[in-house]
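See structure below.
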Amino acid sequence: METEILSEEELAEVTGYKQRHYQRRWLRDRGWRFVESRGGRPLVGRAYMRLMLGLAPTPGLVSPPPLPEPSWTPDFSRIN
């Protein structure tokens, strides 16, 4: 199962760099948003990466179905 955050190997494949400093620079130069872990590792979301690279969205990331209509509604007509 894929995690929501790219692994170190996947990020190296996307950026072309193994060193974190160069990965962060590559991401900043291209306007990518990311957060850093306590260890300084840039963390990039998998769905965000697909969006930025113009890839097809993950099948599980489609919008959820609409909520069902409520089976009853409160009657406020007797409230003063």
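Quick note on naming: the chains in the structure tokens go A, B, ... in the order shown, residues restart at 1 in each chain, and ligands are numbered from 1 in order of appearance.
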
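DSSP, applied to the backbone of this structure, assigns strand (DSSP E) to the following residues of range 10-67 of chain A: Val35, Glu36, Pro42 and Leu43 of chain A.
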
- Task: Can you pull out every residue within 12 Å of Gly31 in chain A, counting only C-alpha atoms, but drop anything in the same chain fewer than 4 positions away, and send it as an NGL selection string?
- Result: :A and (24-27 or 49 or 52)

- alpha helix (DSSP H) call set, DSSP backbone run, chain A, as a PyMOL selection string: chain A and resi 8-15+20-29+46-53

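In this model, the gap between CA of Gly54 in chain A and CA of Glu9 in chain A comes to 20.1 Å.
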
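Look at range 12-17 of chain A: the protein and nucleic acid residues within 12 Å of it, using only C-alpha atoms and passing over chain neighbours fewer than 5 places away, are Leu6, Ser7, Tyr22, Gln23, Arg24, Arg25, Trp26, Leu27, Arg28, Asp29, Arg30, Trp32, Arg41, Pro42, Leu43, Val44, Arg46, Met49, Arg50, Met52 and Leu53 of chain A.
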
Keeping N, CA and C atoms, export the residues of the selection given above as a PDB file, in the first residue's frame.
ATOM      1  N   LEU A   6       5.636  10.852  -0.223  1.00  0.00           N
ATOM      2  CA  LEU A   6       6.632  10.182  -1.056  1.00  0.00           C
ATOM      3  C   LEU A   6       7.782   9.667  -0.208  1.00  0.00           C
ATOM      4  N   SER A   7       8.281   8.492  -0.546  1.00  0.00           N
ATOM      5  CA  SER A   7       9.444   7.942   0.145  1.00  0.00           C
ATOM      6  C   SER A   7      10.692   8.692  -0.308  1.00  0.00           C
ATOM      7  N   TYR A  22      19.636  19.630  -2.087  1.00  0.00           N
ATOM      8  CA  TYR A  22      19.337  19.803  -3.512  1.00  0.00           C
ATOM      9  C   TYR A  22      17.874  19.500  -3.819  1.00  0.00           C
ATOM     10  N   GLN A  23      17.287  18.546  -3.087  1.00  0.00           N
ATOM     11  CA  GLN A  23      15.865  18.263  -3.266  1.00  0.00           C
ATOM     12  C   GLN A  23      15.034  19.478  -2.886  1.00  0.00           C
ATOM     13  N   ARG A  24      15.345  20.103  -1.739  1.00  0.00           N
ATOM     14  CA  ARG A  24      14.613  21.298  -1.312  1.00  0.00           C
ATOM     15  C   ARG A  24      14.777  22.430  -2.327  1.00  0.00           C
ATOM     16  N   ARG A  25      15.985  22.607  -2.826  1.00  0.00           N
ATOM     17  CA  ARG A  25      16.229  23.666  -3.808  1.00  0.00           C
ATOM     18  C   ARG A  25      15.432  23.396  -5.085  1.00  0.00           C
ATOM     19  N   TRP A  26      15.427  22.147  -5.557  1.00  0.00           N
ATOM     20  CA  TRP A  26      14.672  21.782  -6.755  1.00  0.00           C
ATOM     21  C   TRP A  26      13.191  22.088  -6.549  1.00  0.00           C
ATOM     22  N   LEU A  27      12.651  21.713  -5.397  1.00  0.00           N
ATOM     23  CA  LEU A  27      11.238  21.939  -5.107  1.00  0.00           C
ATOM     24  C   LEU A  27      10.921  23.435  -5.053  1.00  0.00           C
ATOM     25  N   ARG A  28      11.765  24.214  -4.372  1.00  0.00           N
ATOM     26  CA  ARG A  28      11.533  25.667  -4.265  1.00  0.00           C
ATOM     27  C   ARG A  28      11.625  26.341  -5.630  1.00  0.00           C
ATOM     28  N   ASP A  29      12.621  25.951  -6.425  1.00  0.00           N
ATOM     29  CA  ASP A  29      12.812  26.570  -7.741  1.00  0.00           C
ATOM     30  C   ASP A  29      11.606  26.368  -8.652  1.00  0.00           C
ATOM     31  N   ARG A  30      10.877  25.307  -8.456  1.00  0.00           N
ATOM     32  CA  ARG A  30       9.729  24.990  -9.301  1.00  0.00           C
ATOM     33  C   ARG A  30       8.395  25.353  -8.665  1.00  0.00           C
ATOM     34  N   TRP A  32       7.039  24.223  -5.831  1.00  0.00           N
ATOM     35  CA  TRP A  32       6.338  23.133  -5.153  1.00  0.00           C
ATOM     36  C   TRP A  32       6.218  23.471  -3.677  1.00  0.00           C
ATOM     37  N   ARG A  41      14.124  16.498   6.175  1.00  0.00           N
ATOM     38  CA  ARG A  41      13.693  15.812   4.954  1.00  0.00           C
ATOM     39  C   ARG A  41      12.480  16.526   4.371  1.00  0.00           C
ATOM     40  N   PRO A  42      12.508  16.888   3.082  1.00  0.00           N
ATOM     41  CA  PRO A  42      11.322  17.502   2.481  1.00  0.00           C
ATOM     42  C   PRO A  42      10.224  16.450   2.314  1.00  0.00           C
ATOM     43  N   LEU A  43       9.031  16.775   2.768  1.00  0.00           N
ATOM     44  CA  LEU A  43       7.890  15.865   2.687  1.00  0.00           C
ATOM     45  C   LEU A  43       6.920  16.396   1.647  1.00  0.00           C
ATOM     46  N   VAL A  44       6.649  15.570   0.641  1.00  0.00           N
ATOM     47  CA  VAL A  44       5.756  15.940  -0.455  1.00  0.00           C
ATOM     48  C   VAL A  44       4.637  14.916  -0.514  1.00  0.00           C
ATOM     49  N   ARG A  46       1.758  12.602  -2.062  1.00  0.00           N
ATOM     50  CA  ARG A  46       1.662  11.830  -3.303  1.00  0.00           C
ATOM     51  C   ARG A  46       0.647  12.457  -4.276  1.00  0.00           C
ATOM     52  N   MET A  49       2.082  15.626  -5.736  1.00  0.00           N
ATOM     53  CA  MET A  49       3.091  15.321  -6.756  1.00  0.00           C
ATOM     54  C   MET A  49       2.416  14.988  -8.082  1.00  0.00           C
ATOM     55  N   ARG A  50       1.364  14.188  -8.042  1.00  0.00           N
ATOM     56  CA  ARG A  50       0.660  13.826  -9.276  1.00  0.00           C
ATOM     57  C   ARG A  50       0.013  15.040  -9.911  1.00  0.00           C
ATOM     58  N   MET A  52       1.068  18.193  -9.627  1.00  0.00           N
ATOM     59  CA  MET A  52       2.118  19.056 -10.160  1.00  0.00           C
ATOM     60  C   MET A  52       2.751  18.484 -11.430  1.00  0.00           C
ATOM     61  N   LEU A  53       2.803  17.171 -11.541  1.00  0.00           N
ATOM     62  CA  LEU A  53       3.396  16.550 -12.719  1.00  0.00           C
ATOM     63  C   LEU A  53       2.376  16.322 -13.831  1.00  0.00           C
TER      64      LEU A  53
END
